[in-house]
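The file target_9.tsv contains TSV, C-alpha atoms and all ligand atoms:
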```tsv
chain	number	residue	atom	x	y	z
A	1	MET	CA	0.00	0.00	0.00
A	2	LYS	CA	1.28	3.47	-0.87
A	3	THR	CA	2.01	5.90	1.98
A	4	ASN	CA	0.21	9.25	1.90
A	5	LEU	CA	2.96	11.86	2.36
A	6	LEU	CA	0.50	14.34	3.90
A	7	GLU	CA	0.81	12.15	6.99
A	8	PHE	CA	4.30	13.52	7.76
A	9	ASP	CA	5.81	16.67	9.18
A	10	LEU	CA	9.31	17.41	7.84
A	11	LEU	CA	11.00	15.15	10.38
A	12	GLY	CA	8.63	12.31	9.51
A	13	LEU	CA	9.24	12.82	5.81
A	14	GLN	CA	13.01	12.70	6.37
A	15	THR	CA	12.62	9.36	8.12
A	16	PHE	CA	10.40	8.11	5.29
A	17	CYS	CA	12.96	9.17	2.67
A	18	GLU	CA	15.68	7.35	4.59
A	19	SER	CA	13.52	4.23	4.65
A	20	LEU	CA	13.55	4.39	0.83
A	21	GLY	CA	17.35	4.59	0.89
A	22	GLU	CA	17.41	8.31	0.05
A	23	LYS	CA	19.33	11.12	1.76
A	24	ARG	CA	17.39	13.01	4.43
A	25	PHE	CA	17.87	16.38	2.72
A	26	ARG	CA	15.77	15.21	-0.25
A	27	ALA	CA	12.77	15.41	2.08
A	28	GLN	CA	13.02	19.19	2.28
A	29	GLN	CA	12.64	19.58	-1.50
A	30	LEU	CA	9.77	17.14	-1.54
A	31	PHE	CA	8.06	18.83	1.41
A	32	ARG	CA	8.23	22.21	-0.36
A	33	TRP	CA	6.76	20.76	-3.55
A	34	ILE	CA	3.86	19.31	-1.62
A	35	HIS	CA	3.01	22.09	0.82
A	36	GLN	CA	4.33	25.28	-0.74
A	37	ARG	CA	3.40	24.46	-4.33
A	38	GLY	CA	0.45	22.13	-3.79
A	39	GLU	CA	1.90	19.53	-6.15
A	40	SER	CA	0.74	15.91	-5.94
A	41	ASP	CA	2.23	14.56	-9.18
A	42	PHE	CA	5.79	13.30	-8.59
A	43	ASP	CA	6.55	13.54	-12.33
A	44	ARG	CA	6.12	17.31	-12.13
A	45	MET	CA	8.55	17.73	-9.25
A	46	SER	CA	11.19	18.66	-11.80
A	47	ASP	CA	14.20	19.17	-9.54
A	48	LEU	CA	13.92	15.76	-7.89
A	49	ALA	CA	16.26	13.14	-9.34
A	50	LEU	CA	14.51	10.71	-11.67
A	51	PRO	CA	15.37	7.57	-9.62
A	52	PHE	CA	13.92	9.27	-6.50
A	53	ARG	CA	10.72	10.14	-8.39
A	54	ALA	CA	10.46	6.52	-9.55
A	55	LEU	CA	10.78	5.33	-5.95
A	56	LEU	CA	8.11	7.76	-4.82
A	57	LEU	CA	5.76	6.64	-7.59
A	58	GLN	CA	6.19	3.09	-6.39
A	59	HIS	CA	5.80	3.67	-2.64
A	60	ALA	CA	4.04	6.97	-2.00
A	61	LYS	CA	1.16	9.24	-2.93
A	62	VAL	CA	-0.05	12.72	-2.06
A	63	GLU	CA	-3.76	12.39	-1.57
A	64	GLY	CA	-6.19	15.02	-0.30
A	65	LEU	CA	-9.79	14.57	0.75
A	66	ASP	CA	-12.81	13.94	-1.42
A	67	PRO	CA	-14.99	17.08	-1.42
A	68	VAL	CA	-18.68	16.17	-1.41
A	69	ALA	CA	-20.02	19.72	-1.29
A	70	THR	CA	-18.78	23.30	-1.37
A	71	HIS	CA	-20.98	26.14	-0.17
A	72	LYS	CA	-20.11	29.77	-0.69
A	73	SER	CA	-21.80	32.47	1.36
A	74	LYS	CA	-22.69	35.95	0.16
A	75	ASP	CA	-20.10	37.29	2.61
A	76	GLY	CA	-17.31	35.22	0.99
A	77	THR	CA	-17.22	32.46	3.63
A	78	ILE	CA	-16.63	29.06	2.02
A	79	LYS	CA	-17.55	25.79	3.63
A	80	TRP	CA	-16.28	22.47	2.32
A	81	LEU	CA	-17.76	19.16	3.26
A	82	PHE	CA	-15.16	16.40	2.84
A	83	SER	CA	-15.88	12.68	2.81
A	84	VAL	CA	-13.81	10.63	5.25
A	85	GLY	CA	-15.37	7.25	4.47
A	86	GLU	CA	-18.08	5.13	6.09
A	87	ASN	CA	-20.68	7.78	5.18
A	88	ASN	CA	-18.93	10.27	7.44
A	89	ALA	CA	-18.08	13.82	6.52
A	90	ILE	CA	-16.12	16.63	8.13
A	91	GLU	CA	-16.31	20.38	7.67
A	92	THR	CA	-13.69	22.99	6.86
A	93	VAL	CA	-14.53	26.69	6.72
A	94	PHE	CA	-12.64	29.60	5.13
A	95	ILE	CA	-13.44	33.05	6.49
A	96	PRO	CA	-11.99	35.95	4.47
A	97	GLU	CA	-11.52	39.32	6.14
A	98	ASP	CA	-9.81	42.51	5.01
A	99	ASP	CA	-6.53	41.80	6.78
A	100	ARG	CA	-6.52	38.01	7.01
A	101	GLY	CA	-7.85	34.71	5.70
A	102	THR	CA	-8.76	32.23	8.42
A	103	LEU	CA	-9.27	28.51	7.94
A	104	CYS	CA	-11.25	26.59	10.56
A	105	ILE	CA	-10.13	22.96	10.57
A	106	SER	CA	-11.70	19.78	12.00
A	107	SER	CA	-9.70	17.30	14.08
A	108	GLN	CA	-12.14	14.44	14.61
A	109	VAL	CA	-15.20	12.87	12.99
A	110	GLY	CA	-17.79	14.06	15.48
A	111	CYS	CA	-16.73	14.72	19.08
A	112	ALA	CA	-16.89	12.74	22.30
A	113	VAL	CA	-17.01	15.73	24.66
A	114	GLY	CA	-20.71	16.33	24.08
A	115	CYS	CA	-21.10	20.03	24.89
A	116	ARG	CA	-24.79	20.87	25.25
A	117	PHE	CA	-24.81	23.83	22.86
A	118	CYS	CA	-22.77	22.20	20.11
A	119	SER	CA	-24.29	20.60	17.07
A	120	THR	CA	-21.22	18.38	16.59
A	121	GLY	CA	-21.40	17.23	20.22
A	122	HIS	CA	-24.97	16.07	19.67
A	123	GLN	CA	-23.91	13.87	16.76
A	124	GLY	CA	-21.55	11.78	18.88
A	125	PHE	CA	-18.09	10.52	17.98
A	126	SER	CA	-16.92	8.23	15.22
A	127	ARG	CA	-13.12	8.42	15.03
A	128	ASN	CA	-10.02	10.57	15.13
A	129	LEU	CA	-8.77	12.11	11.90
A	130	THR	CA	-5.28	11.15	10.76
A	131	THR	CA	-2.55	13.77	10.39
A	132	ALA	CA	-3.04	13.51	6.61
A	133	GLU	CA	-6.77	14.23	6.97
A	134	ILE	CA	-6.09	17.23	9.21
A	135	ILE	CA	-3.40	18.82	7.05
A	136	ALA	CA	-5.24	17.94	3.83
A	137	GLN	CA	-7.90	20.48	4.80
A	138	LEU	CA	-5.28	23.24	4.73
A	139	TRP	CA	-3.45	21.82	1.69
A	140	MET	CA	-6.64	21.65	-0.37
A	141	ALA	CA	-8.12	24.98	0.74
A	142	GLU	CA	-4.88	26.96	0.35
A	143	HIS	CA	-4.00	25.68	-3.11
A	144	GLN	CA	-7.55	25.72	-4.44
A	145	LEU	CA	-8.04	29.33	-3.32
A	146	ARG	CA	-4.61	30.28	-4.66
A	147	ARG	CA	-5.41	28.78	-8.08
A	148	GLN	CA	-8.77	30.56	-8.12
A	149	SER	CA	-7.19	33.90	-7.28
A	150	GLY	CA	-4.76	33.46	-10.19
A	151	GLN	CA	-1.91	34.60	-7.96
A	152	ASN	CA	0.77	32.65	-6.25
A	153	ALA	CA	0.44	34.56	-2.99
A	154	ARG	CA	-0.59	32.96	0.30
A	155	VAL	CA	-4.36	33.09	0.91
A	156	ILE	CA	-4.67	31.53	4.37
A	157	SER	CA	-2.86	33.53	7.04
A	158	ASN	CA	-4.53	32.06	10.14
A	159	VAL	CA	-5.62	28.58	11.19
A	160	VAL	CA	-8.00	27.81	14.03
A	161	MET	CA	-8.52	24.24	15.23
A	162	MET	CA	-12.16	24.94	16.00
A	163	GLY	CA	-14.02	22.72	13.56
A	164	MET	CA	-15.46	19.32	14.46
A	165	GLY	CA	-13.77	17.58	17.35
A	166	GLU	CA	-11.66	18.22	20.44
A	167	PRO	CA	-8.12	18.59	19.01
A	168	LEU	CA	-6.40	17.75	22.29
A	169	GLN	CA	-8.15	14.37	22.33
A	170	ASN	CA	-6.39	13.59	19.05
A	171	TYR	CA	-2.98	14.88	20.07
A	172	SER	CA	-0.69	12.43	18.29
A	173	ALA	CA	-2.24	13.28	14.91
A	174	LEU	CA	-2.56	16.98	15.72
A	175	LEU	CA	1.10	17.58	16.58
A	176	PRO	CA	2.70	16.77	13.17
A	177	ALA	CA	-0.09	18.76	11.49
A	178	LEU	CA	0.70	21.82	13.64
A	179	LYS	CA	4.41	21.43	12.95
A	180	THR	CA	3.73	21.34	9.21
A	181	MET	CA	1.65	24.53	9.47
A	182	LEU	CA	4.49	26.31	11.28
A	183	ASP	CA	7.41	24.92	9.25
A	184	ASP	CA	9.11	27.47	6.99
A	185	HIS	CA	9.35	24.76	4.34
A	186	GLY	CA	5.64	24.03	4.80
A	187	TYR	CA	3.09	26.83	5.34
A	188	GLY	CA	5.34	29.09	7.42
A	189	LEU	CA	2.49	30.31	9.63
A	190	SER	CA	3.42	32.21	12.77
A	191	ARG	CA	2.65	30.57	16.13
A	192	ARG	CA	0.47	33.54	16.95
A	193	ARG	CA	-1.70	32.80	13.93
A	194	VAL	CA	-2.35	29.14	14.66
A	195	THR	CA	-4.89	28.59	17.42
A	196	VAL	CA	-5.81	25.37	19.15
A	197	SER	CA	-9.21	25.54	20.78
A	198	THR	CA	-9.92	23.13	23.61
A	199	SER	CA	-12.79	22.40	25.94
A	200	GLY	CA	-10.16	21.94	28.69
A	201	VAL	CA	-8.14	18.72	28.43
A	202	VAL	CA	-5.77	19.82	31.19
A	203	PRO	CA	-2.86	17.34	30.79
A	204	MET	CA	-2.73	17.93	27.05
A	205	ILE	CA	-2.68	21.71	27.49
A	206	ASP	CA	0.58	21.15	29.35
A	207	ARG	CA	1.88	18.83	26.62
A	208	LEU	CA	1.05	21.37	23.92
A	209	GLY	CA	2.89	24.06	25.89
A	210	GLN	CA	5.99	21.86	25.91
A	211	ASP	CA	5.80	20.46	22.37
A	212	CYS	CA	4.36	23.18	20.17
A	213	PRO	CA	3.11	26.31	21.92
A	214	VAL	CA	0.67	27.97	19.55
A	215	ALA	CA	-2.12	30.37	20.53
A	216	LEU	CA	-4.62	28.77	22.92
A	217	ALA	CA	-8.38	29.28	23.09
A	218	VAL	CA	-10.42	27.64	25.83
A	219	SER	CA	-14.14	26.96	25.55
A	220	LEU	CA	-15.23	28.26	28.94
A	221	HIS	CA	-18.98	28.99	28.62
A	222	ALA	CA	-19.67	29.16	32.37
A	223	PRO	CA	-18.19	30.85	35.44
A	224	THR	CA	-18.91	28.10	37.97
A	225	ASP	CA	-18.36	24.34	38.13
A	226	PRO	CA	-22.04	23.40	38.62
A	227	LEU	CA	-23.11	25.31	35.51
A	228	ARG	CA	-20.09	24.27	33.44
A	229	ASN	CA	-20.62	20.60	34.40
A	230	GLY	CA	-23.98	20.84	32.62
A	231	LEU	CA	-22.66	22.64	29.52
A	232	VAL	CA	-19.21	21.10	29.03
A	233	PRO	CA	-19.23	17.60	30.59
A	234	LEU	CA	-15.41	17.46	30.55
A	235	ASN	CA	-15.55	19.90	33.46
A	236	LEU	CA	-16.47	16.97	35.73
A	237	LYS	CA	-12.98	15.60	35.05
A	238	TYR	CA	-11.06	18.87	34.89
A	239	PRO	CA	-12.88	21.52	36.95
A	240	LEU	CA	-12.37	25.25	36.60
A	241	THR	CA	-9.59	25.68	39.16
A	242	GLU	CA	-7.45	23.01	37.46
A	243	LEU	CA	-8.26	24.43	34.04
A	244	LEU	CA	-7.25	27.97	34.97
A	245	GLN	CA	-4.05	26.71	36.57
A	246	ALA	CA	-3.21	24.92	33.30
A	247	CYS	CA	-3.92	28.18	31.42
A	248	SER	CA	-1.51	30.03	33.73
A	249	ARG	CA	1.19	27.44	33.10
A	250	TYR	CA	0.58	27.64	29.35
A	251	LEU	CA	1.18	31.39	29.37
A	252	ALA	CA	4.83	30.74	30.18
A	253	HIS	CA	5.19	29.17	26.71
A	254	ALA	CA	2.43	30.86	24.69
A	255	PRO	CA	3.21	33.07	21.70
A	256	ARG	CA	0.63	35.57	22.96
A	257	ASP	CA	0.50	36.97	26.48
A	258	PHE	CA	-3.13	36.03	27.01
A	259	ILE	CA	-5.49	33.07	26.75
A	260	THR	CA	-8.67	33.51	24.75
A	261	PHE	CA	-11.82	32.31	26.48
A	262	GLU	CA	-14.70	31.40	24.20
A	263	TYR	CA	-18.12	31.97	25.74
A	264	CYS	CA	-21.28	30.89	23.93
A	265	MET	CA	-24.16	33.17	24.97
A	266	LEU	CA	-27.24	31.13	25.92
A	267	ALA	CA	-30.42	32.99	26.83
A	268	GLY	CA	-31.27	32.66	30.51
A	269	VAL	CA	-28.54	30.06	31.07
A	270	ASN	CA	-25.19	31.88	31.30
A	271	ASP	CA	-25.88	35.42	30.05
A	272	GLN	CA	-27.00	37.34	33.13
A	273	ALA	CA	-25.17	40.15	34.95
A	274	ALA	CA	-24.44	37.77	37.84
A	275	HIS	CA	-22.69	35.39	35.42
A	276	ALA	CA	-20.55	38.22	34.07
A	277	GLN	CA	-19.61	39.23	37.60
A	278	ALA	CA	-18.76	35.64	38.50
A	279	LEU	CA	-16.53	35.44	35.40
A	280	ILE	CA	-14.76	38.64	36.39
A	281	ASP	CA	-14.20	37.24	39.90
A	282	LEU	CA	-12.99	33.92	38.46
A	283	VAL	CA	-10.26	35.39	36.28
A	284	THR	CA	-9.22	38.35	38.44
A	285	GLN	CA	-9.05	36.41	41.71
A	286	HIS	CA	-7.19	33.49	40.15
A	287	ALA	CA	-3.74	32.67	41.60
A	288	GLN	CA	-4.26	34.39	44.95
A	289	GLY	CA	-5.49	37.59	43.35
A	290	LYS	CA	-2.75	37.85	40.71
A	291	GLY	CA	-5.35	37.16	38.03
A	292	LEU	CA	-5.09	35.44	34.66
A	293	SER	CA	-4.20	37.37	31.53
A	294	CYS	CA	-7.10	36.65	29.20
A	295	LYS	CA	-9.45	37.93	26.57
A	296	PHE	CA	-13.11	36.97	26.13
A	297	ASN	CA	-14.78	36.16	22.84
A	298	LEU	CA	-18.57	36.10	23.20
A	299	ILE	CA	-20.20	33.84	20.63
A	300	PRO	CA	-23.83	34.20	19.60
A	301	PHE	CA	-25.32	30.71	19.91
A	302	ASN	CA	-26.29	29.04	16.62
A	303	PRO	CA	-29.57	27.35	17.49
A	304	PHE	CA	-30.34	23.80	16.34
A	305	PRO	CA	-33.52	21.96	17.31
A	306	ALA	CA	-32.05	19.16	19.47
A	307	SER	CA	-30.32	21.60	21.80
A	308	GLY	CA	-33.42	23.06	23.42
A	309	LEU	CA	-31.37	26.27	23.89
A	310	VAL	CA	-31.96	29.80	22.67
A	311	ARG	CA	-29.58	32.53	21.46
A	312	SER	CA	-29.18	35.52	23.81
A	313	GLU	CA	-30.67	38.78	22.58
A	314	PRO	CA	-28.08	41.14	21.02
A	315	GLY	CA	-28.73	43.74	23.74
A	316	VAL	CA	-28.00	41.16	26.44
A	317	VAL	CA	-24.74	40.20	24.72
A	318	GLN	CA	-23.71	43.86	24.46
A	319	ARG	CA	-24.43	44.50	28.17
A	320	PHE	CA	-22.48	41.36	29.11
A	321	ALA	CA	-19.54	42.52	26.99
A	322	GLN	CA	-19.63	46.00	28.53
A	323	GLN	CA	-19.62	44.57	32.03
A	324	LEU	CA	-16.47	42.57	31.29
A	325	GLN	CA	-14.83	45.51	29.53
A	326	GLN	CA	-15.57	47.83	32.46
A	327	ALA	CA	-13.70	45.35	34.64
A	328	GLY	CA	-10.68	45.78	32.35
A	329	ILE	CA	-11.09	42.53	30.40
A	330	VAL	CA	-10.69	42.80	26.63
A	331	THR	CA	-13.91	41.40	25.19
A	332	THR	CA	-15.08	40.92	21.62
A	333	VAL	CA	-18.36	39.67	20.23
A	334	ARG	CA	-17.89	37.22	17.38
A	335	LYS	CA	-19.51	38.32	14.15
A	336	THR	CA	-21.68	35.61	12.67
A	337	ARG	CA	-20.40	34.64	9.25
A	338	GLY	CA	-21.84	32.45	6.55
A	339	ASP	CA	-25.33	32.37	8.10
A	340	ASP	CA	-26.83	31.62	4.69
A	341	ILE	CA	-24.76	28.40	4.39
A	342	ASP	CA	-25.02	27.16	8.00
A	343	ALA	CA	-21.33	27.80	8.57
A	344	ALA	CA	-21.51	27.08	12.29
A	345	CYS	CA	-19.64	23.99	13.38
A	346	GLY	CA	-21.37	20.68	12.72
A	347	GLN	CA	-24.44	22.09	10.99
A	348	LEU	CA	-23.59	20.90	7.51
A	349	ALA	CA	-21.91	17.55	8.02
A	350	GLY	CA	-25.08	15.75	8.97
A	351	ASP	CA	-25.01	12.82	11.33
A	352	VAL	CA	-21.72	11.03	11.81
A	353	VAL	CA	-21.65	7.30	12.49
A	354	ASP	CA	-21.81	7.66	16.26
A	355	ARG	CA	-19.92	5.07	18.29
A	356	THR	CA	-20.65	6.71	21.64
A	357	HIS	CA	-24.46	6.76	21.83
A	358	ALA	CA	-24.37	10.52	22.30
A	359	VAL	CA	-27.96	11.01	21.24
A	360	GLU	CA	-29.29	8.63	23.92
A	361	ARG	CA	-27.02	10.13	26.58
A	362	MET	CA	-28.03	13.65	25.76
A	363	THR	CA	-31.73	12.87	25.57
A	364	LYS	CA	-31.50	11.63	29.17
A	365	HIS	CA	-29.93	14.94	30.21
A	366	ARG	CA	-32.02	17.45	28.31
A	367	THR	CA	-32.22	19.81	31.25
A	368	ILE	CA	-29.39	22.06	32.35
A	369	ASP	CA	-29.44	22.82	36.04
A	370	LEU	CA	-29.77	26.58	36.39
A	371	VAL	CA	-27.78	26.80	39.57
A	372	SER	CA	-27.15	30.04	41.35
A	373	VAL	CA	-23.80	31.51	40.29
A	374	SER	CA	-22.90	32.01	43.93
A	375	SER	CA	-23.13	28.27	44.69
A	401	LIG	S1	-17.80	22.50	21.44
A	401	LIG	FE1	-15.94	21.48	20.71
A	401	LIG	S2	-15.43	20.07	22.41
A	401	LIG	FE2	-17.57	20.66	22.72
A	401	LIG	S3	-18.76	19.04	21.67
A	401	LIG	FE3	-18.44	20.72	20.19
A	401	LIG	S4	-16.63	20.12	19.04
A	401	LIG	FE4	-16.64	18.91	20.93
```
Show me this structure written as structure tokens.
Ligand code: SF4
Amino acid sequence: MKTNLLEFDLLGLQTFCESLGEKRFRAQQLFRWIHQRGESDFDRMSDLALPFRALLLQHAKVEGLDPVATHKSKDGTIKWLFSVGENNAIETVFIPEDDRGTLCISSQVGCAVGCRFCSTGHQGFSRNLTTAEIIAQLWMAEHQLRRQSGQNARVISNVVMMGMGEPLQNYSALLPALKTMLDDHGYGLSRRRVTVSTSGVVPMIDRLGQDCPVALAVSLHAPTDPLRNGLVPLNLKYPLTELLQACSRYLAHAPRDFITFEYCMLAGVNDQAAHAQALIDLVTQHAQGKGLSCKFNLIPFNPFPASGLVRSEPGVVQRFAQQLQQAGIVTTVRKTRGDDIDAACGQLAGDVVDRTHAVERMTKHRTIDLVSVSS
């Protein structure tokens, strides 16, 4: 069986080249052909020696994902649905802005964390993506958009691991993909422009800080453990105090001097003034009053029928943001993009082949306990 070279970061490709009896330095040329030029045909890699190309043809391939649908929004947002076999699909979203092009990448087929407000979480979990399947999303999007623009300039300047899945629960596949994104012979993205978003897998936050410290976003969504237990079930394993301590440790390695907290605004659940005050207390009183350097990103909830949840009114979101800002916390409200193509995570992919019985579990726990924020 041929090996898909998208599976390797540069170090992995060097080892693969050696296994074919080639010199390690050949890998660098090959890596540039694949990632910088988007080439998949070994015969067109003109500066590779002919015997090396023949070996590659025999043992390797460069194979992206099979796109089953592409949706383009009026605002320029593009959403690809890629087949990953067994009737499963994953989503990748490109969001163009004046000063940047951001690609939102999936890391798993479905997700096992099961956050209450997340369409992907309600579909359950099928499997982890391979490194090749993770990096193929960037490889395909970057080179397709570049070809369409008719220019050879980079289109994607930022990557966020915020698509389907919990990236830190697929760490061994994630790490080579991140290294390929950052590698000067690959995509050459700055650490500040690659963001891993996690629901709070504490031990792996520490690993990421050691192995590949990129920007970190944490899905917080609640200021207290009782409320967060109901919204992000992983909180039962890694409660808020442990999570914030891990964030503090991460800051020692992070390319930015703050952690971004994502906060999905749910009407009547976590959007009241008392919740904002509890959040302020949580982050300012952390570490014996030293506080945690952070920024909040408030996300308007994208309703879907099975959630039983409702989006907070815009005025409520604005007041919540102001309350945080008045406490000195930088706070932004995420603009909704691609509304006309259901660009929110998990809304296009349809049901994944769930191996975790998420639907049954979630049906049993339809109610979120609205506990007092002071408890
Ligand atoms: S919000 Fe993220 S971690 Fe939570 S269920 Fe959705 S994909 Fe998984």
How close does each residue of chain A get to ligand LIG 401 (chain A), giving the shortest atom pair and distance in Å to one decimal for every residue with an atom at most 7 Å away, counting only C-alpha atoms and all ligand atoms, sorted by chain and residue number, as JSON lines?
```
{"residue": "A:Cys111", "atom": "CA", "partner": "A:LIG401", "partner_atom": "FE4", "distance": 4.6}
{"residue": "A:Ala112", "atom": "CA", "partner": "A:LIG401", "partner_atom": "FE4", "distance": 6.3}
{"residue": "A:Val113", "atom": "CA", "partner": "A:LIG401", "partner_atom": "S3", "distance": 4.8}
{"residue": "A:Gly114", "atom": "CA", "partner": "A:LIG401", "partner_atom": "S3", "distance": 4.1}
{"residue": "A:Cys115", "atom": "CA", "partner": "A:LIG401", "partner_atom": "S3", "distance": 4.1}
{"residue": "A:Cys118", "atom": "CA", "partner": "A:LIG401", "partner_atom": "FE3", "distance": 4.6}
{"residue": "A:Ser119", "atom": "CA", "partner": "A:LIG401", "partner_atom": "FE3", "distance": 6.6}
{"residue": "A:Thr120", "atom": "CA", "partner": "A:LIG401", "partner_atom": "FE3", "distance": 5.1}
{"residue": "A:Gly121", "atom": "CA", "partner": "A:LIG401", "partner_atom": "S3", "distance": 3.5}
{"residue": "A:Met162", "atom": "CA", "partner": "A:LIG401", "partner_atom": "FE1", "distance": 7.0}
{"residue": "A:Gly163", "atom": "CA", "partner": "A:LIG401", "partner_atom": "S4", "distance": 6.6}
{"residue": "A:Met164", "atom": "CA", "partner": "A:LIG401", "partner_atom": "S4", "distance": 4.8}
{"residue": "A:Gly165", "atom": "CA", "partner": "A:LIG401", "partner_atom": "S4", "distance": 4.2}
{"residue": "A:Glu166", "atom": "CA", "partner": "A:LIG401", "partner_atom": "S2", "distance": 4.6}
{"residue": "A:Thr198", "atom": "CA", "partner": "A:LIG401", "partner_atom": "S2", "distance": 6.4}
{"residue": "A:Ser199", "atom": "CA", "partner": "A:LIG401", "partner_atom": "S2", "distance": 5.0}
{"residue": "A:Val232", "atom": "CA", "partner": "A:LIG401", "partner_atom": "FE2", "distance": 6.5}
```
Any idea what's packed within 12 Å of A:Arg319, counting only C-alpha atoms, ignoring anything in its chain fewer than 6 positions away? Could you give it as a list in words?
-> Met265, Asp271, Gln272, Ala273, Ala274, His275, Ala276, Gln277, Leu298, Ser312, Glu313, Gln325, Gln326, Thr331, Thr332 and Val333 of chain A
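The spacing separating atom CA of A:Leu103 from atom CA of A:Ala141 amounts to 8.1 Å.
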Report the distance between atom CA of A:Val316 and atom CA of A:Phe117 in Å, rounded to one decimal place.
-> 18.0 Å
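Between atom CA of A:Gly315 and atom CA of A:Asn297 lies a distance of 15.9 Å.
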Compile the contact shell of A:Ser73 as a ChimeraX atom specification: residues with an atom at most 8 Å away, counting all atoms listed in the file, same-chain residues fewer than 5 positions apart removed.
-> /A:78,338-341
Can you tell me, as an NGL selection string, what residues are no more than 12 Å from A:Glu133 when counting only C-alpha atoms, ignoring any on the same chain fewer than 6 positions away?
-> :A and (4-8 or 62-66 or 82-85 or 89-92 or 105-109 or 127 or 139-140 or 173-174 or 176-177)
Can you tell me, as a PyMOL selection string, what residues are no more than 9 Å from A:Leu175 when counting only C-alpha atoms, ignoring any on the same chain fewer than 2 positions away?
-> chain A and resi 9+131+170-173+177-180+208+211-212
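With distances taken over all atoms listed in the file, A:Tyr250 is the one residue among A:His221, A:Arg100, A:Thr195, A:Tyr250 lying closest to A:Arg207.
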Could you tell me which of A:Leu57, A:Pro255, A:Leu48, A:Arg116 comes closest to A:Phe304 if we count only C-alpha atoms?
->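 Ranked by minimum distance to A:Phe304, first place goes to A:Arg116.
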Mind checking which residues fall within 12 Å of A:Ala222, counting all atoms listed in the file, ignoring those fewer than 5 positions away in the same chain, and posting them as a PyMOL selection string?
-> chain A and resi 115+199+227-233+235+239-240+261-266+269-272+274-280+282-283+296+298+370-373
Box dimensions and centre (Å, one decimal) enclosing stretch 154-172 of chain A, axis-aligned, 5 Å extra per side, as lines of an AutoDock Vina configuration file:
```
center_x = -8.0
center_y = 23.0
center_z = 11.3
size_x = 24.9
size_y = 31.1
size_z = 32.0
```
Which residue of A:Pro51, A:Thr77, A:Lys61, A:Cys247 approaches A:Ile34 most closely, using all atoms listed in the file =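 Looking only at the distances to A:Ile34, the closest residue turns out to be A:Lys61.
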Contacts between stretch 181-193 of chain A and stretch 215-300 of chain A, please, where a residue of stretch 215-300 of chain A counts if it comes within 9 Å (with all atoms listed in the file); show its shortest atom pair and distance in Å to one decimal, rows by chain and ascending number, as CSV.
```
residue,atom,partner,partner_atom,distance
A:Ala215,CA,A:Arg192,CA,5.4
A:Ala254,CA,A:Arg192,CA,8.4
A:Pro255,CA,A:Arg192,CA,5.5
A:Arg256,CA,A:Arg192,CA,6.3
```
What would the list of residues within 10 Å of (-9.4, 26.5, 34.5) (file frame) look like as a compact mmCIF listing (two decimals) with C-alpha atoms, keeping the file's coordinate frame, if only C-alpha atoms are what count?
```txt
# COMPACT_ATOMS: atom_id res chain seq x y z
CA GLY A 200 -10.16 21.94 28.69
CA VAL A 201 -8.14 18.72 28.43
CA VAL A 202 -5.77 19.82 31.19
CA VAL A 218 -10.42 27.64 25.83
CA LEU A 220 -15.23 28.26 28.94
CA PRO A 223 -18.19 30.85 35.44
CA ASP A 225 -18.36 24.34 38.13
CA ASN A 235 -15.55 19.90 33.46
CA TYR A 238 -11.06 18.87 34.89
CA PRO A 239 -12.88 21.52 36.95
CA LEU A 240 -12.37 25.25 36.60
CA THR A 241 -9.59 25.68 39.16
CA GLU A 242 -7.45 23.01 37.46
CA LEU A 243 -8.26 24.43 34.04
CA LEU A 244 -7.25 27.97 34.97
CA GLN A 245 -4.05 26.71 36.57
CA ALA A 246 -3.21 24.92 33.30
CA CYS A 247 -3.92 28.18 31.42
CA SER A 248 -1.51 30.03 33.73
CA LEU A 282 -12.99 33.92 38.46
CA VAL A 283 -10.26 35.39 36.28
CA HIS A 286 -7.19 33.49 40.15
CA LEU A 292 -5.09 35.44 34.66
```
